[in-house]
Amino acid sequence: MGKEGKTDLSSRDDLMGKIVALCKRRGFIFQSSEIYGGINGFWDYGPLGVELKRNLKNIWWEDVVRKRDDIVGLDAAIIMNPKVWEASGHVGGFSDPMVDCNKCKARFRADRIFTVIGRVGDDVIVSAGVEADSDLSARDKVLIEANSKTRHKIDHYRDQIKWVMFSADKVPPNEKALCPLCEGELTEARKFNLMFKTSIGAMEDSSSVAYLRPETAQGIFCNYKNVLDTSRVRPPFGIAQIGKAFRNEINPRNFTFRSREFEQMEIEFFCHESDADKWYEYWRDARYKWYIDLGLTSSRLRLRDHEKEELAHYAASCADIEYDFPFGISELEGVANRTDYDLKKHQEHSGKDMTYFDDQTKERYIPYVIEPSGGVDRAVLAFICEAYTEDEAPNDKGKMQKRVLMKFHPRLAPIKVAVFPLVKKEGMPEAARKIYDDVLASGLTCFYDEKGAIGRRYRRQDEAGTPFCVTVDGQTFEDQTVTIRDRDSLKQDRIAADKVVEYVRERIG
Ligand code: GAP
């Protein structure tokens, strides 16, 4: 890949930079503990971000719990008996291979670092360490990043170069893995458990060790019998949960995409083995459609079935719902047929019976589990990336000007309506305040602004993703109407001042 690839890569990097800057500038997402220099892998949601995130979680909860009679909710504790994590396999196996740079001491996930070496005979023409990028092969990345002297050599020897490429967790004999930052040598790969440890009680010894949960799923498996015993649901049925999960990721990256503290929204759907394939397909397709219905265009969204070799040892099938972020195509949610693996493991380790007895068929069995497991923060980030738009719109003087807008689906938008008086006099602020109070009382999120030129106020709301802006003007006092402006089309309707809530509700859906 030549110049074209470089331009493309940098413009996408630039886009991510603009999105991160907007998130901070407008109060969507801040770095955690920023006044102390931040802390890698942790993020805070500001006033707009928290509304966006809450809307997303509420819509998920409405759609998968409240509107269905076969799924119930749960809110389990973050810290569980450590035996849970032994049974689930997390204590023994929840690890990533890790390498350190001997020179600059940076630490990486070994399977994401590639070393590329191009030789002519014994001469090394180019050697570099690069971080994996879902858009570009490691070799393309080396070519793009090569300085002019190296580039010249590569071009000169083009047909004679023998390329060797390997990841830092699979280094061939007689080769050395290189650091992508300083080209120093990397250590051999070591396993690194991703669970955060803590201790319970006053004593800190091996008996007090506990873990912050790395997934919400195990809280559901451990309560599956409690739910069966206390509610009316019977297989096929699901238990849904939204909650924090913690993973000591080696390389938190791509803004909130890979964080150390994040939220999951998970369903464990329990069914008979003979129905598992049917439910798996149902959930895979339903969850994919859910994102599209909320505004992720299908051209950026992808449903990818895992190859047999990619499947976790307990999964019979698995698909990833992926989104084309500015930094590459990456997973938003996984849908897996986890078989009866987890319940069987908990039965084995706890000694408690995990079977279900079907009164109708007189069959006793351990249900199979279909798991749609999504990341709240990743979904929020995808909706933010999708919403970010630059276009041109006329300013107060009718001149076209660049504007940035966040085209959130109205259901997701943090603020649904903004209300402005055209000018800060002639009774307009009072009339606008009255509409503002009515909208707030209706339960819609609303923002009142009377400061600055009206065009500037519109722009501010465009950046916040507010789908409707209501303006009180001179005509309001003649015929009790206001203008209502659509964020995306810029079209202004004139409607009765007391019909604002009705108008907005109809369009939010
Ligand atoms: N119970 C299954 C499970 O936890 P996973 O693929 O490891 O499966 C599910 O995680 C989802 O959680 C992912 O699709 C992703 O959206 C989110 N997730 C996982 N690790 C994350 C991280 N470090 N930061 C943000 N989200 C993460």
# chains A, B, ... in the order shown; residues from 1 in each chain; ligands from 1
$ select_by_dssp --residues "range 7-215 of chain A" --states "strand (DSSP E or B)" --output "ChimeraX atom specification"
/A:29-31,43-45,71-73,79,95-101,107-109,113-120,123-131,133,136,162-167,178,185-186,190-193,197-199,209-212
$ residues_near_ligand --ligand "ligand 1" --cutoff "8 Å" --atoms "only C-alpha atoms and all ligand atoms" --output "PDB file with N, CA and C atoms, in the first residue's frame"
ATOM      1  N   PRO A 214     -14.886 -10.208  36.074  1.00  0.00           N
ATOM      2  CA  PRO A 214     -14.457  -9.834  34.725  1.00  0.00           C
ATOM      3  C   PRO A 214     -15.595  -9.938  33.713  1.00  0.00           C
ATOM      4  N   GLU A 215     -16.740 -10.475  34.137  1.00  0.00           N
ATOM      5  CA  GLU A 215     -17.937 -10.524  33.287  1.00  0.00           C
ATOM      6  C   GLU A 215     -19.147 -10.621  34.209  1.00  0.00           C
ATOM      7  N   THR A 216     -20.295 -10.142  33.722  1.00  0.00           N
ATOM      8  CA  THR A 216     -21.493 -10.207  34.565  1.00  0.00           C
ATOM      9  C   THR A 216     -22.138 -11.594  34.502  1.00  0.00           C
ATOM     10  N   ALA A 217     -21.767 -12.362  33.485  1.00  0.00           N
ATOM     11  CA  ALA A 217     -22.428 -13.642  33.210  1.00  0.00           C
ATOM     12  C   ALA A 217     -22.479 -14.586  34.417  1.00  0.00           C
ATOM     13  N   GLN A 218     -21.365 -14.669  35.171  1.00  0.00           N
ATOM     14  CA  GLN A 218     -21.327 -15.678  36.241  1.00  0.00           C
ATOM     15  C   GLN A 218     -22.336 -15.382  37.352  1.00  0.00           C
ATOM     16  N   PHE A 246     -14.624  -5.727  35.164  1.00  0.00           N
ATOM     17  CA  PHE A 246     -13.265  -5.185  35.306  1.00  0.00           C
ATOM     18  C   PHE A 246     -12.260  -6.158  34.694  1.00  0.00           C
ATOM     19  N   ARG A 247     -11.381  -5.641  33.880  1.00  0.00           N
ATOM     20  CA  ARG A 247     -10.310  -6.484  33.339  1.00  0.00           C
ATOM     21  C   ARG A 247      -9.025  -5.665  33.317  1.00  0.00           C
ATOM     22  N   ASN A 248      -7.982  -6.262  33.850  1.00  0.00           N
ATOM     23  CA  ASN A 248      -6.704  -5.565  33.901  1.00  0.00           C
ATOM     24  C   ASN A 248      -6.019  -5.674  32.537  1.00  0.00           C
ATOM     25  N   GLU A 249      -6.615  -5.036  31.530  1.00  0.00           N
ATOM     26  CA  GLU A 249      -6.124  -5.132  30.155  1.00  0.00           C
ATOM     27  C   GLU A 249      -4.668  -4.688  30.084  1.00  0.00           C
ATOM     28  N   PRO A 252      -4.843  -0.942  27.397  1.00  0.00           N
ATOM     29  CA  PRO A 252      -6.110  -0.258  27.128  1.00  0.00           C
ATOM     30  C   PRO A 252      -5.890   0.654  25.925  1.00  0.00           C
ATOM     31  N   THR A 256     -12.441   4.679  24.757  1.00  0.00           N
ATOM     32  CA  THR A 256     -13.095   3.787  25.730  1.00  0.00           C
ATOM     33  C   THR A 256     -13.214   2.352  25.226  1.00  0.00           C
ATOM     34  N   PHE A 257     -12.763   2.105  23.995  1.00  0.00           N
ATOM     35  CA  PHE A 257     -13.047   0.791  23.390  1.00  0.00           C
ATOM     36  C   PHE A 257     -12.520  -0.366  24.242  1.00  0.00           C
ATOM     37  N   ARG A 258     -11.269  -0.287  24.634  1.00  0.00           N
ATOM     38  CA  ARG A 258     -10.718  -1.326  25.517  1.00  0.00           C
ATOM     39  C   ARG A 258     -10.336  -0.653  26.821  1.00  0.00           C
ATOM     40  N   SER A 259     -11.209  -0.754  27.816  1.00  0.00           N
ATOM     41  CA  SER A 259     -10.971  -0.110  29.104  1.00  0.00           C
ATOM     42  C   SER A 259     -10.720  -1.179  30.161  1.00  0.00           C
ATOM     43  N   ARG A 260     -10.326  -0.721  31.326  1.00  0.00           N
ATOM     44  CA  ARG A 260     -10.101  -1.669  32.425  1.00  0.00           C
ATOM     45  C   ARG A 260     -11.346  -1.794  33.290  1.00  0.00           C
ATOM     46  N   GLU A 261     -12.173  -0.771  33.263  1.00  0.00           N
ATOM     47  CA  GLU A 261     -13.467  -0.820  33.942  1.00  0.00           C
ATOM     48  C   GLU A 261     -14.505  -0.476  32.885  1.00  0.00           C
ATOM     49  N   PHE A 262     -15.502  -1.325  32.716  1.00  0.00           N
ATOM     50  CA  PHE A 262     -16.499  -1.070  31.675  1.00  0.00           C
ATOM     51  C   PHE A 262     -17.815  -1.722  32.087  1.00  0.00           C
ATOM     52  N   GLU A 263     -18.843  -1.477  31.291  1.00  0.00           N
ATOM     53  CA  GLU A 263     -20.135  -2.082  31.607  1.00  0.00           C
ATOM     54  C   GLU A 263     -20.527  -3.078  30.537  1.00  0.00           C
ATOM     55  N   GLN A 264     -21.155  -4.145  30.970  1.00  0.00           N
ATOM     56  CA  GLN A 264     -21.671  -5.134  30.025  1.00  0.00           C
ATOM     57  C   GLN A 264     -23.180  -5.168  30.105  1.00  0.00           C
ATOM     58  N   MET A 265     -23.816  -5.554  29.004  1.00  0.00           N
ATOM     59  CA  MET A 265     -25.242  -5.857  29.036  1.00  0.00           C
ATOM     60  C   MET A 265     -25.351  -7.276  28.480  1.00  0.00           C
ATOM     61  N   GLU A 266     -25.705  -8.196  29.370  1.00  0.00           N
ATOM     62  CA  GLU A 266     -25.651  -9.611  28.990  1.00  0.00           C
ATOM     63  C   GLU A 266     -26.988 -10.302  29.239  1.00  0.00           C
ATOM     64  N   ASP A 320     -19.726 -12.541  16.090  1.00  0.00           N
ATOM     65  CA  ASP A 320     -19.443 -11.205  16.613  1.00  0.00           C
ATOM     66  C   ASP A 320     -20.226 -10.184  15.812  1.00  0.00           C
ATOM     67  N   ILE A 321     -20.805  -9.226  16.524  1.00  0.00           N
ATOM     68  CA  ILE A 321     -21.383  -8.071  15.855  1.00  0.00           C
ATOM     69  C   ILE A 321     -20.288  -7.013  15.893  1.00  0.00           C
ATOM     70  N   GLU A 331     -15.111  -5.578  17.645  1.00  0.00           N
ATOM     71  CA  GLU A 331     -16.312  -6.224  18.213  1.00  0.00           C
ATOM     72  C   GLU A 331     -17.113  -5.313  19.149  1.00  0.00           C
ATOM     73  N   LEU A 332     -18.436  -5.315  18.935  1.00  0.00           N
ATOM     74  CA  LEU A 332     -19.357  -4.623  19.844  1.00  0.00           C
ATOM     75  C   LEU A 332     -20.007  -5.611  20.798  1.00  0.00           C
ATOM     76  N   GLU A 333     -20.366  -6.753  20.247  1.00  0.00           N
ATOM     77  CA  GLU A 333     -21.125  -7.741  21.025  1.00  0.00           C
ATOM     78  C   GLU A 333     -20.825  -9.125  20.466  1.00  0.00           C
ATOM     79  N   GLY A 334     -20.797 -10.110  21.354  1.00  0.00           N
ATOM     80  CA  GLY A 334     -20.639 -11.496  20.914  1.00  0.00           C
ATOM     81  C   GLY A 334     -21.907 -12.268  21.245  1.00  0.00           C
ATOM     82  N   GLU A 371     -25.865 -16.898  24.755  1.00  0.00           N
ATOM     83  CA  GLU A 371     -25.439 -15.673  25.433  1.00  0.00           C
ATOM     84  C   GLU A 371     -25.176 -14.507  24.460  1.00  0.00           C
ATOM     85  N   PRO A 372     -26.079 -13.535  24.396  1.00  0.00           N
ATOM     86  CA  PRO A 372     -25.728 -12.279  23.727  1.00  0.00           C
ATOM     87  C   PRO A 372     -25.059 -11.361  24.754  1.00  0.00           C
ATOM     88  N   SER A 373     -23.779 -11.061  24.535  1.00  0.00           N
ATOM     89  CA  SER A 373     -23.011 -10.303  25.524  1.00  0.00           C
ATOM     90  C   SER A 373     -22.429  -9.051  24.878  1.00  0.00           C
ATOM     91  N   GLY A 374     -22.979  -7.907  25.264  1.00  0.00           N
ATOM     92  CA  GLY A 374     -22.548  -6.654  24.641  1.00  0.00           C
ATOM     93  C   GLY A 374     -21.843  -5.753  25.630  1.00  0.00           C
ATOM     94  N   GLY A 375     -21.037  -4.852  25.101  1.00  0.00           N
ATOM     95  CA  GLY A 375     -20.362  -3.863  25.941  1.00  0.00           C
ATOM     96  C   GLY A 375     -21.101  -2.534  25.824  1.00  0.00           C
ATOM     97  N   VAL A 376     -21.510  -1.988  26.958  1.00  0.00           N
ATOM     98  CA  VAL A 376     -22.247  -0.721  26.936  1.00  0.00           C
ATOM     99  C   VAL A 376     -21.349   0.398  26.395  1.00  0.00           C
ATOM    100  N   ASP A 377     -20.121   0.455  26.917  1.00  0.00           N
ATOM    101  CA  ASP A 377     -19.228   1.551  26.529  1.00  0.00           C
ATOM    102  C   ASP A 377     -18.851   1.473  25.052  1.00  0.00           C
ATOM    103  N   ARG A 378     -18.674   0.240  24.571  1.00  0.00           N
ATOM    104  CA  ARG A 378     -18.355   0.090  23.146  1.00  0.00           C
ATOM    105  C   ARG A 378     -19.525   0.509  22.283  1.00  0.00           C
ATOM    106  N   ALA A 379     -20.732   0.174  22.723  1.00  0.00           N
ATOM    107  CA  ALA A 379     -21.908   0.579  21.947  1.00  0.00           C
ATOM    108  C   ALA A 379     -22.022   2.100  21.959  1.00  0.00           C
TER     109      ALA A 379
END
$ closest_residue --among "A:Asp437, A:Asp100, A:Asp70, A:Asp159" --to "Phe237 in chain A" --atoms "only C-alpha atoms"
A:Asp70
$ closest_residue --among "A:Arg505, A:Arg66, A:Lys499, A:Arg234" --to "Asp359 in chain A" --atoms "only C-alpha atoms"
A:Arg234
$ residues_around --residues "Pro172 in chain A" --least-positions-apart "6" --cutoff "12 Å" --atoms "only C-alpha atoms" --output "list in words"
Thr115, Val164, Met165, Phe166 and Glu188 of chain A
$ select_by_dssp --residues "range 85-156 of chain A" --states "helix (DSSP H, G or I)" --output "PyMOL selection string"
chain A and resi 85-87+90-93+110-112+138-145+148-156
$ residues_around --residues "Ala76 in chain A" --least-positions-apart "2" --cutoff "10 Å" --atoms "only C-alpha atoms" --output "PDB file with N, CA and C atoms, in the first residue's frame"
ATOM      1  N   GLY A  73     -34.965  -9.786  34.872  1.00  0.00           N
ATOM      2  CA  GLY A  73     -33.727  -9.064  35.149  1.00  0.00           C
ATOM      3  C   GLY A  73     -33.034  -9.526  36.422  1.00  0.00           C
ATOM      4  N   LEU A  74     -31.792  -9.092  36.575  1.00  0.00           N
ATOM      5  CA  LEU A  74     -31.003  -9.439  37.760  1.00  0.00           C
ATOM      6  C   LEU A  74     -29.966  -8.336  37.984  1.00  0.00           C
ATOM      7  N   ILE A  78     -20.830  -7.395  42.426  1.00  0.00           N
ATOM      8  CA  ILE A  78     -19.605  -7.385  41.617  1.00  0.00           C
ATOM      9  C   ILE A  78     -18.583  -8.381  42.169  1.00  0.00           C
ATOM     10  N   ILE A  79     -18.509  -8.445  43.495  1.00  0.00           N
ATOM     11  CA  ILE A  79     -17.566  -9.382  44.125  1.00  0.00           C
ATOM     12  C   ILE A  79     -18.320 -10.641  44.522  1.00  0.00           C
ATOM     13  N   MET A  80     -17.812 -11.767  44.047  1.00  0.00           N
ATOM     14  CA  MET A  80     -18.487 -13.041  44.338  1.00  0.00           C
ATOM     15  C   MET A  80     -17.490 -13.951  45.056  1.00  0.00           C
ATOM     16  N   THR A 216     -20.295 -10.142  33.722  1.00  0.00           N
ATOM     17  CA  THR A 216     -21.493 -10.207  34.565  1.00  0.00           C
ATOM     18  C   THR A 216     -22.138 -11.594  34.502  1.00  0.00           C
ATOM     19  N   ALA A 217     -21.767 -12.362  33.485  1.00  0.00           N
ATOM     20  CA  ALA A 217     -22.428 -13.642  33.210  1.00  0.00           C
ATOM     21  C   ALA A 217     -22.479 -14.586  34.417  1.00  0.00           C
ATOM     22  N   GLN A 218     -21.365 -14.669  35.171  1.00  0.00           N
ATOM     23  CA  GLN A 218     -21.327 -15.678  36.241  1.00  0.00           C
ATOM     24  C   GLN A 218     -22.336 -15.382  37.352  1.00  0.00           C
ATOM     25  N   GLY A 219     -22.650 -14.108  37.559  1.00  0.00           N
ATOM     26  CA  GLY A 219     -23.697 -13.758  38.534  1.00  0.00           C
ATOM     27  C   GLY A 219     -25.037 -14.342  38.106  1.00  0.00           C
ATOM     28  N   ILE A 220     -25.239 -14.406  36.803  1.00  0.00           N
ATOM     29  CA  ILE A 220     -26.491 -14.974  36.285  1.00  0.00           C
ATOM     30  C   ILE A 220     -26.493 -16.498  36.458  1.00  0.00           C
ATOM     31  N   CYS A 222     -24.946 -18.293  38.590  1.00  0.00           N
ATOM     32  CA  CYS A 222     -25.060 -18.669  40.003  1.00  0.00           C
ATOM     33  C   CYS A 222     -26.470 -18.434  40.548  1.00  0.00           C
ATOM     34  N   ASN A 223     -27.243 -17.597  39.901  1.00  0.00           N
ATOM     35  CA  ASN A 223     -28.610 -17.317  40.369  1.00  0.00           C
ATOM     36  C   ASN A 223     -29.681 -18.014  39.547  1.00  0.00           C
ATOM     37  N   GLN A 241     -28.840  -8.843  32.571  1.00  0.00           N
ATOM     38  CA  GLN A 241     -28.175  -8.022  33.581  1.00  0.00           C
ATOM     39  C   GLN A 241     -27.304  -6.965  32.903  1.00  0.00           C
ATOM     40  N   ILE A 242     -27.312  -5.771  33.490  1.00  0.00           N
ATOM     41  CA  ILE A 242     -26.374  -4.729  33.059  1.00  0.00           C
ATOM     42  C   ILE A 242     -25.496  -4.419  34.263  1.00  0.00           C
ATOM     43  N   GLY A 243     -24.208  -4.387  34.073  1.00  0.00           N
ATOM     44  CA  GLY A 243     -23.371  -4.046  35.224  1.00  0.00           C
ATOM     45  C   GLY A 243     -21.915  -3.901  34.865  1.00  0.00           C
TER      46      GLY A 243
END
$ atom_distance --atom1 "CA of Gln475 in chain A" --atom2 "CA of Arg433 in chain A"
16.5 Å
$ atom_distance --atom1 "CA of Phe28 in chain A" --atom2 "CA of Arg507 in chain A"
24.0 Å
$ closest_atom_pairs --of "range 381-423 of chain A" --to "range 453-456 of chain A" --cutoff "7 Å" --atoms "only C-alpha atoms" --output "Markdown table"
| residue | atom | partner | partner_atom | distance |
| --- | --- | --- | --- | --- |
| A:Asn395 | CA | A:Gly455 | CA | 5.9 |
| A:Asp396 | CA | A:Gly455 | CA | 5.4 |
| A:Leu422 | CA | A:Ile454 | CA | 6.4 |
$ write_last_selection --atoms "N, CA, C and O atoms" --output "compact mmCIF listing (two decimals), in the first residue's frame"
# COMPACT_ATOMS: atom_id res chain seq x y z
N ASN A 395 -25.36 30.52 8.42
CA ASN A 395 -25.29 31.18 9.74
C ASN A 395 -26.37 32.26 9.83
O ASN A 395 -27.23 32.37 8.95
N ASP A 396 -26.31 33.11 10.89
CA ASP A 396 -27.34 34.13 11.10
C ASP A 396 -27.50 35.08 9.91
O ASP A 396 -28.58 35.59 9.64
N LEU A 422 -35.87 34.13 21.08
CA LEU A 422 -35.09 34.67 19.97
C LEU A 422 -34.16 35.77 20.48
O LEU A 422 -32.98 35.81 20.15
$ closest_residue --among "A:Ile370, A:Ile200, A:Leu343, A:Leu296" --to "Ala240 in chain A" --atoms "only C-alpha atoms"
A:Ile370
$ residues_around --residues "Lys24 in chain A" --least-positions-apart "6" --cutoff "12 Å" --atoms "only C-alpha atoms" --output "PDB file with N, CA, C and O atoms, in the first residue's frame"
ATOM      1  N   GLY A  17      -9.414  11.648  16.543  1.00  0.00           N
ATOM      2  CA  GLY A  17      -8.943  12.779  17.348  1.00  0.00           C
ATOM      3  C   GLY A  17     -10.046  13.822  17.517  1.00  0.00           C
ATOM      4  O   GLY A  17     -10.254  14.354  18.615  1.00  0.00           O
ATOM      5  N   LYS A  18     -10.774  14.094  16.430  1.00  0.00           N
ATOM      6  CA  LYS A  18     -11.850  15.091  16.509  1.00  0.00           C
ATOM      7  C   LYS A  18     -12.975  14.595  17.422  1.00  0.00           C
ATOM      8  O   LYS A  18     -13.567  15.372  18.176  1.00  0.00           O
ATOM      9  N   PHE A  30     -14.808  12.136  29.856  1.00  0.00           N
ATOM     10  CA  PHE A  30     -13.568  12.713  30.372  1.00  0.00           C
ATOM     11  C   PHE A  30     -12.627  11.582  30.783  1.00  0.00           C
ATOM     12  O   PHE A  30     -13.089  10.489  31.139  1.00  0.00           O
ATOM     13  N   GLN A  31     -11.344  11.904  30.793  1.00  0.00           N
ATOM     14  CA  GLN A  31     -10.372  10.967  31.333  1.00  0.00           C
ATOM     15  C   GLN A  31     -10.594  10.872  32.844  1.00  0.00           C
ATOM     16  O   GLN A  31     -10.805  11.914  33.482  1.00  0.00           O
ATOM     17  N   SER A  32     -10.543   9.676  33.403  1.00  0.00           N
ATOM     18  CA  SER A  32     -10.718   9.562  34.852  1.00  0.00           C
ATOM     19  C   SER A  32      -9.542  10.222  35.577  1.00  0.00           C
ATOM     20  O   SER A  32      -8.405  10.153  35.112  1.00  0.00           O
ATOM     21  N   GLU A  34      -8.506  13.145  35.868  1.00  0.00           N
ATOM     22  CA  GLU A  34      -7.730  13.990  34.957  1.00  0.00           C
ATOM     23  C   GLU A  34      -6.831  14.990  35.680  1.00  0.00           C
ATOM     24  O   GLU A  34      -5.692  15.202  35.279  1.00  0.00           O
ATOM     25  N   TRP A  43     -12.402   5.778  32.448  1.00  0.00           N
ATOM     26  CA  TRP A  43     -13.053   6.939  31.847  1.00  0.00           C
ATOM     27  C   TRP A  43     -14.270   7.355  32.662  1.00  0.00           C
ATOM     28  O   TRP A  43     -14.910   6.513  33.300  1.00  0.00           O
ATOM     29  N   ASP A  44     -14.577   8.647  32.600  1.00  0.00           N
ATOM     30  CA  ASP A  44     -15.764   9.173  33.288  1.00  0.00           C
ATOM     31  C   ASP A  44     -16.731   9.731  32.245  1.00  0.00           C
ATOM     32  O   ASP A  44     -16.284  10.341  31.259  1.00  0.00           O
ATOM     33  N   TYR A  45     -18.009   9.557  32.479  1.00  0.00           N
ATOM     34  CA  TYR A  45     -19.016  10.107  31.569  1.00  0.00           C
ATOM     35  C   TYR A  45     -19.532  11.422  32.139  1.00  0.00           C
ATOM     36  O   TYR A  45     -19.979  11.469  33.287  1.00  0.00           O
ATOM     37  N   GLY A  46     -19.465  12.473  31.334  1.00  0.00           N
ATOM     38  CA  GLY A  46     -19.925  13.794  31.761  1.00  0.00           C
ATOM     39  C   GLY A  46     -21.433  13.925  31.596  1.00  0.00           C
ATOM     40  O   GLY A  46     -22.121  12.953  31.263  1.00  0.00           O
ATOM     41  N   PRO A  47     -21.955  15.144  31.808  1.00  0.00           N
ATOM     42  CA  PRO A  47     -23.416  15.339  31.796  1.00  0.00           C
ATOM     43  C   PRO A  47     -24.108  14.834  30.518  1.00  0.00           C
ATOM     44  O   PRO A  47     -25.174  14.230  30.601  1.00  0.00           O
ATOM     45  N   LEU A  48     -23.515  15.056  29.351  1.00  0.00           N
ATOM     46  CA  LEU A  48     -24.169  14.549  28.135  1.00  0.00           C
ATOM     47  C   LEU A  48     -23.928  13.049  27.964  1.00  0.00           C
ATOM     48  O   LEU A  48     -24.829  12.305  27.558  1.00  0.00           O
ATOM     49  N   GLY A  49     -22.715  12.618  28.288  1.00  0.00           N
ATOM     50  CA  GLY A  49     -22.374  11.201  28.126  1.00  0.00           C
ATOM     51  C   GLY A  49     -23.211  10.288  29.000  1.00  0.00           C
ATOM     52  O   GLY A  49     -23.646   9.215  28.580  1.00  0.00           O
ATOM     53  N   PHE A 255      -9.498   4.959  22.929  1.00  0.00           N
ATOM     54  CA  PHE A 255     -10.449   5.712  23.743  1.00  0.00           C
ATOM     55  C   PHE A 255     -11.116   4.736  24.711  1.00  0.00           C
ATOM     56  O   PHE A 255     -10.426   4.003  25.400  1.00  0.00           O
ATOM     57  N   GLU A 463     -24.028  20.136  18.172  1.00  0.00           N
ATOM     58  CA  GLU A 463     -22.878  19.381  18.688  1.00  0.00           C
ATOM     59  C   GLU A 463     -23.272  18.450  19.830  1.00  0.00           C
ATOM     60  O   GLU A 463     -22.623  17.437  20.060  1.00  0.00           O
ATOM     61  N   ALA A 464     -24.303  18.819  20.561  1.00  0.00           N
ATOM     62  CA  ALA A 464     -24.766  17.968  21.666  1.00  0.00           C
ATOM     63  C   ALA A 464     -25.687  16.864  21.137  1.00  0.00           C
ATOM     64  O   ALA A 464     -25.997  15.915  21.850  1.00  0.00           O
TER      65      ALA A 464
END
$ closest_residue --among "A:Lys153, A:Arg460, A:Arg25, A:Lys103" --to "Cys179 in chain A" --atoms "only C-alpha atoms"
A:Lys103
$ closest_atom_pairs --of "range 48-136 of chain A" --to "range 336-342 of chain A" --cutoff "12 Å" --atoms "only C-alpha atoms" --output "CSV"
residue,atom,partner,partner_atom,distance
A:Val84,CA,A:Asp342,CA,10.4
A:Trp85,CA,A:Asp342,CA,11.1
A:Glu86,CA,A:Asp342,CA,11.5
A:Ala87,CA,A:Asp342,CA,8.2
A:Ser88,CA,A:Asp342,CA,6.6
A:Gly89,CA,A:Asp342,CA,9.4
A:His90,CA,A:Asp342,CA,11.7
$ write_last_selection --atoms "N, CA and C atoms" --output "mmCIF file, in the first residue's frame"
data_model
loop_
_atom_site.group_PDB
_atom_site.id
_atom_site.type_symbol
_atom_site.label_atom_id
_atom_site.label_comp_id
_atom_site.auth_asym_id
_atom_site.auth_seq_id
_atom_site.Cartn_x
_atom_site.Cartn_y
_atom_site.Cartn_z
ATOM 1 N N VAL A 84 -16.348 -19.143 42.515
ATOM 2 C CA VAL A 84 -17.063 -18.940 41.250
ATOM 3 C C VAL A 84 -16.076 -18.888 40.095
ATOM 4 N N TRP A 85 -14.958 -18.167 40.330
ATOM 5 C CA TRP A 85 -14.002 -17.931 39.242
ATOM 6 C C TRP A 85 -13.099 -19.129 39.013
ATOM 7 N N GLU A 86 -13.035 -20.011 40.034
ATOM 8 C CA GLU A 86 -12.335 -21.279 39.797
ATOM 9 C C GLU A 86 -13.214 -22.155 38.912
ATOM 10 N N ALA A 87 -14.502 -22.220 39.251
ATOM 11 C CA ALA A 87 -15.422 -23.052 38.473
ATOM 12 C C ALA A 87 -15.532 -22.567 37.027
ATOM 13 N N SER A 88 -15.576 -21.263 36.859
ATOM 14 C CA SER A 88 -15.784 -20.716 35.506
ATOM 15 C C SER A 88 -14.530 -20.830 34.636
ATOM 16 N N GLY A 89 -13.402 -21.117 35.279
ATOM 17 C CA GLY A 89 -12.148 -21.243 34.521
ATOM 18 C C GLY A 89 -11.356 -19.944 34.460
ATOM 19 N N HIS A 90 -11.884 -18.872 35.081
ATOM 20 C CA HIS A 90 -11.179 -17.592 34.990
ATOM 21 C C HIS A 90 -9.872 -17.574 35.794
#
$ residues_around --residues "Phe408 in chain A" --least-positions-apart "2" --cutoff "8 Å" --atoms "only C-alpha atoms" --output "PyMOL selection string"
chain A and resi 295+383-384+387+406+410-413+465+467
